[in-house]
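Colleague: Once you've had a glance at the structure underneath, I'll fire off some questions.
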Amino acid sequence: MRKYPHLLPDDAALWGQFDTDNPAYASTLEYDIHVGEGRDPGPEYDPAIRNAAILLSQRRIDVVATHADHIDIIEVSTTAGITQVGQLMTYPLLYKAAYNPTLPLRPLLICRSFQTDAQPAFDAHNIPYIIVPSKFT
């Protein structure tokens with residue numbers, strides 16, 4: 001099992017670098033947090049298969065970082081695009097519905113770079129980001 005569930009190898013290396021460089025970043029870190037309803041294949045399926053299908057089709061937040069005064073909902077992507085904009089606009093809503101946190105939620109992107117024309121969308125939607133340069137370039 002990889003250290004950071006469901007992250008692609010390059011994204012896992014990016015998060016690993018950020019995590020190592022910022023050891024006191026958050027009081028707790030949780031990975032691969034399931035949110036949303038998932039897709040139910042229907043009652044004609046065996047209950048175990050049906051439950052597995054729902055679980056596998058739920059959205060997954062890369063990292064949930066709890067701080068004293070807020071919770072970061074983090075998407076990790078080496079090269080961020082408009083897909084991540086949508087994720088970071090939606091995941092806090094789904095997290096709030098699933099877990100009803102008492103602290104305010106903040107979306108946050110951790111990336112190395114942006115795809116062409118993507119950064120203005122993050123800025124327009126006030127989605128904060130941290131650019132982590134590679135130590136190996």
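In the structure tokens, chains take the letters A, B, ... in the order shown, each chain's residues start at 1, and ligands count up from 1 in the order shown.
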List every residue of chain A that DSSP, applied to the backbone, labels as helix (DSSP H, G or I), and write the result as a ChimeraX atom specification.
Modeller: /A:9-21,47-57,82-99,119-124
Colleague: Would you mind exporting N, CA and C atoms of the selected residues as a compact mmCIF listing (two decimals), in the first residue's frame?
Modeller:
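Produced file result-v4.txt, reproduced below:
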```txt
# COMPACT_ATOMS: atom_id res chain seq x y z
N PRO A 9 1.83 8.51 -8.74
CA PRO A 9 3.21 8.58 -8.23
C PRO A 9 3.81 9.99 -8.22
N ASP A 10 3.64 10.78 -9.29
CA ASP A 10 4.19 12.14 -9.30
C ASP A 10 3.51 13.04 -8.27
N ASP A 11 2.20 12.86 -8.11
CA ASP A 11 1.47 13.65 -7.11
C ASP A 11 1.88 13.24 -5.69
N ALA A 12 2.11 11.94 -5.49
CA ALA A 12 2.56 11.46 -4.18
C ALA A 12 3.94 12.03 -3.86
N ALA A 13 4.82 12.10 -4.85
CA ALA A 13 6.14 12.69 -4.63
C ALA A 13 6.03 14.17 -4.29
N LEU A 14 5.13 14.88 -4.99
CA LEU A 14 4.89 16.29 -4.70
C LEU A 14 4.39 16.48 -3.28
N TRP A 15 3.36 15.71 -2.90
CA TRP A 15 2.83 15.83 -1.54
C TRP A 15 3.89 15.43 -0.51
N GLY A 16 4.64 14.37 -0.78
CA GLY A 16 5.69 13.94 0.13
C GLY A 16 6.71 15.04 0.37
N GLN A 17 7.07 15.76 -0.69
CA GLN A 17 8.01 16.87 -0.56
C GLN A 17 7.39 17.99 0.27
N PHE A 18 6.15 18.34 -0.03
CA PHE A 18 5.48 19.40 0.74
C PHE A 18 5.37 19.00 2.21
N ASP A 19 4.97 17.78 2.46
CA ASP A 19 4.79 17.28 3.83
C ASP A 19 6.12 17.29 4.58
N THR A 20 7.18 16.86 3.94
CA THR A 20 8.52 16.83 4.56
C THR A 20 9.02 18.25 4.84
N ASP A 21 8.78 19.15 3.88
CA ASP A 21 9.25 20.54 4.04
C ASP A 21 8.42 21.34 5.04
N PRO A 47 -25.80 -7.24 -2.39
CA PRO A 47 -25.52 -6.09 -1.52
C PRO A 47 -24.02 -5.78 -1.36
N ALA A 48 -23.18 -6.79 -1.29
CA ALA A 48 -21.74 -6.54 -1.15
C ALA A 48 -21.18 -5.87 -2.40
N ILE A 49 -21.60 -6.33 -3.57
CA ILE A 49 -21.15 -5.73 -4.83
C ILE A 49 -21.70 -4.31 -4.94
N ARG A 50 -22.94 -4.15 -4.56
CA ARG A 50 -23.59 -2.84 -4.63
C ARG A 50 -22.87 -1.83 -3.73
N ASN A 51 -22.58 -2.23 -2.49
CA ASN A 51 -21.87 -1.34 -1.57
C ASN A 51 -20.47 -1.02 -2.06
N ALA A 52 -19.78 -2.01 -2.63
CA ALA A 52 -18.43 -1.77 -3.17
C ALA A 52 -18.49 -0.79 -4.33
N ALA A 53 -19.49 -0.93 -5.20
CA ALA A 53 -19.63 -0.02 -6.34
C ALA A 53 -19.87 1.41 -5.87
N ILE A 54 -20.70 1.57 -4.86
CA ILE A 54 -20.97 2.91 -4.33
C ILE A 54 -19.69 3.50 -3.74
N LEU A 55 -18.99 2.73 -2.93
CA LEU A 55 -17.75 3.20 -2.30
C LEU A 55 -16.70 3.58 -3.34
N LEU A 56 -16.54 2.74 -4.36
CA LEU A 56 -15.52 3.01 -5.38
C LEU A 56 -15.86 4.20 -6.26
N SER A 57 -17.13 4.55 -6.35
CA SER A 57 -17.52 5.66 -7.22
C SER A 57 -17.68 6.98 -6.48
N ILE A 82 -8.23 22.98 -15.09
CA ILE A 82 -9.58 23.39 -14.69
C ILE A 82 -10.33 22.28 -13.97
N THR A 83 -9.91 21.03 -14.15
CA THR A 83 -10.53 19.94 -13.38
C THR A 83 -10.37 20.20 -11.89
N GLN A 84 -9.19 20.64 -11.48
CA GLN A 84 -8.94 20.90 -10.07
C GLN A 84 -9.75 22.09 -9.56
N VAL A 85 -10.05 23.06 -10.44
CA VAL A 85 -10.92 24.17 -10.03
C VAL A 85 -12.28 23.61 -9.60
N GLY A 86 -12.83 22.76 -10.44
CA GLY A 86 -14.13 22.16 -10.12
C GLY A 86 -14.08 21.32 -8.86
N GLN A 87 -13.03 20.54 -8.71
CA GLN A 87 -12.90 19.73 -7.50
C GLN A 87 -12.86 20.61 -6.25
N LEU A 88 -12.07 21.67 -6.31
CA LEU A 88 -11.91 22.51 -5.12
C LEU A 88 -13.09 23.43 -4.87
N MET A 89 -13.96 23.59 -5.84
CA MET A 89 -15.22 24.30 -5.59
C MET A 89 -16.26 23.34 -5.00
N THR A 90 -16.16 22.07 -5.34
CA THR A 90 -17.17 21.08 -4.95
C THR A 90 -16.82 20.33 -3.67
N TYR A 91 -15.57 19.93 -3.50
CA TYR A 91 -15.21 19.09 -2.35
C TYR A 91 -15.54 19.69 -0.99
N PRO A 92 -15.34 20.99 -0.76
CA PRO A 92 -15.76 21.52 0.55
C PRO A 92 -17.26 21.36 0.81
N LEU A 93 -18.07 21.51 -0.21
CA LEU A 93 -19.52 21.32 -0.05
C LEU A 93 -19.85 19.88 0.32
N LEU A 94 -19.21 18.94 -0.38
CA LEU A 94 -19.46 17.53 -0.10
C LEU A 94 -18.92 17.12 1.27
N TYR A 95 -17.76 17.67 1.64
CA TYR A 95 -17.17 17.37 2.95
C TYR A 95 -18.09 17.88 4.06
N LYS A 96 -18.59 19.10 3.89
CA LYS A 96 -19.49 19.67 4.90
C LYS A 96 -20.76 18.83 5.05
N ALA A 97 -21.31 18.37 3.93
CA ALA A 97 -22.51 17.54 3.97
C ALA A 97 -22.25 16.20 4.65
N ALA A 98 -21.08 15.64 4.43
CA ALA A 98 -20.77 14.32 4.99
C ALA A 98 -20.34 14.36 6.44
N TYR A 99 -19.59 15.38 6.84
CA TYR A 99 -18.96 15.37 8.17
C TYR A 99 -19.40 16.50 9.09
N GLN A 119 -4.51 29.02 -14.28
CA GLN A 119 -4.28 29.83 -13.09
C GLN A 119 -5.29 30.98 -12.94
N PRO A 120 -5.70 31.67 -14.00
CA PRO A 120 -6.71 32.72 -13.82
C PRO A 120 -8.03 32.21 -13.24
N ALA A 121 -8.38 30.97 -13.51
CA ALA A 121 -9.62 30.42 -12.93
C ALA A 121 -9.50 30.25 -11.42
N PHE A 122 -8.34 29.83 -10.95
CA PHE A 122 -8.12 29.73 -9.50
C PHE A 122 -8.21 31.11 -8.87
N ASP A 123 -7.59 32.09 -9.51
CA ASP A 123 -7.62 33.45 -8.99
C ASP A 123 -9.05 34.02 -9.00
N ALA A 124 -9.79 33.79 -10.08
CA ALA A 124 -11.14 34.33 -10.20
C ALA A 124 -12.08 33.74 -9.15
```
Colleague: What lies within 7 Å of A:Val64 using only C-alpha atoms, ignoring chain neighbours under 5 positions off, as a list of chain:residue names?
Modeller: A:Leu29, A:Glu30, A:Tyr31, A:Ile71, A:Asp72, A:Ile73, A:Ile74
Colleague: Assign secondary structure with DSSP using the backbone only, and return the residues of stretch 2-131 of chain A in strand (DSSP E) as a VMD selection string.
Modeller: chain A and resid 28 to 35 59 to 66 71 to 80 105 to 114 129 to 131
Colleague: Output C-alpha atoms for every residue in that selection, as a PDB file, in the first residue's frame.
Modeller:
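Listed below is the output, out-v7.pdb:
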```pdb
ATOM      1  CA  THR A  28      -3.848  16.244  11.652  1.00  0.00           C
ATOM      2  CA  LEU A  29      -3.691  14.975   8.084  1.00  0.00           C
ATOM      3  CA  GLU A  30      -6.176  12.524   6.624  1.00  0.00           C
ATOM      4  CA  TYR A  31      -5.914  10.968   3.185  1.00  0.00           C
ATOM      5  CA  ASP A  32      -8.329   9.622   0.563  1.00  0.00           C
ATOM      6  CA  ILE A  33     -11.451  10.972   2.238  1.00  0.00           C
ATOM      7  CA  HIS A  34     -14.637   9.680   0.597  1.00  0.00           C
ATOM      8  CA  VAL A  35     -17.406  12.225   0.005  1.00  0.00           C
ATOM      9  CA  ARG A  59     -15.397  11.348  -4.806  1.00  0.00           C
ATOM     10  CA  ARG A  60     -12.120  11.294  -2.883  1.00  0.00           C
ATOM     11  CA  ILE A  61     -10.400  14.262  -1.329  1.00  0.00           C
ATOM     12  CA  ASP A  62      -6.626  13.903  -1.541  1.00  0.00           C
ATOM     13  CA  VAL A  63      -5.825  15.447   1.855  1.00  0.00           C
ATOM     14  CA  VAL A  64      -7.854  16.945   4.698  1.00  0.00           C
ATOM     15  CA  ALA A  65      -5.605  19.049   6.934  1.00  0.00           C
ATOM     16  CA  THR A  66      -6.969  20.235  10.262  1.00  0.00           C
ATOM     17  CA  ILE A  71      -9.727  22.800   7.779  1.00  0.00           C
ATOM     18  CA  ASP A  72      -7.944  22.695   4.426  1.00  0.00           C
ATOM     19  CA  ILE A  73      -9.525  20.564   1.715  1.00  0.00           C
ATOM     20  CA  ILE A  74      -6.468  19.852  -0.441  1.00  0.00           C
ATOM     21  CA  GLU A  75      -6.153  18.717  -4.013  1.00  0.00           C
ATOM     22  CA  VAL A  76      -2.653  17.663  -5.070  1.00  0.00           C
ATOM     23  CA  SER A  77      -1.700  17.879  -8.739  1.00  0.00           C
ATOM     24  CA  THR A  78       1.700  18.251 -10.363  1.00  0.00           C
ATOM     25  CA  THR A  79       0.153  20.212 -13.249  1.00  0.00           C
ATOM     26  CA  ALA A  80      -3.131  21.795 -12.205  1.00  0.00           C
ATOM     27  CA  LEU A 105     -13.353  24.956   5.324  1.00  0.00           C
ATOM     28  CA  ARG A 106     -10.767  26.296   2.884  1.00  0.00           C
ATOM     29  CA  PRO A 107     -10.017  24.745  -0.501  1.00  0.00           C
ATOM     30  CA  LEU A 108      -6.294  24.553  -1.291  1.00  0.00           C
ATOM     31  CA  LEU A 109      -4.307  23.413  -4.299  1.00  0.00           C
ATOM     32  CA  ILE A 110      -0.791  22.050  -3.955  1.00  0.00           C
ATOM     33  CA  CYS A 111       0.909  21.923  -7.370  1.00  0.00           C
ATOM     34  CA  ARG A 112       4.166  22.324  -9.246  1.00  0.00           C
ATOM     35  CA  SER A 113       2.685  24.271 -12.170  1.00  0.00           C
ATOM     36  CA  PHE A 114      -0.525  25.167 -13.996  1.00  0.00           C
ATOM     37  CA  TYR A 129      -2.668  27.517  -4.093  1.00  0.00           C
ATOM     38  CA  ILE A 130       0.870  26.706  -3.149  1.00  0.00           C
ATOM     39  CA  ILE A 131       3.392  26.083  -5.913  1.00  0.00           C
TER      40      ILE A 131
END
```
Colleague: Would you mind telling me which residue in A:Pro41, A:His70, A:Gln58, A:Ser134 lies nearest to A:Ser27 when using only C-alpha atoms?
Modeller: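 Once distances to A:Ser27 are computed over only C-alpha atoms, the minimum belongs to A:His70.
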Colleague: Take atom CA of A:Pro101 and atom CA of A:Asn22 and report the distance between them in Å, one decimal.
Modeller: 24.1 Å
Colleague: For atom CA of A:Thr116 and atom CA of A:Tyr4, quote the distance in Å rounded to one decimal.
Modeller: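 Interatomic distance here is 27.3 Å.
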Colleague: Identify which of the residues A:His125, A:Lys135, A:His67, A:His6 lies closest to A:Pro104, counting only C-alpha atoms when measuring atom-to-atom distances.
Modeller: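 Comparing A:His125, A:Lys135, A:His67, A:His6 against A:Pro104, the winner is A:His67.
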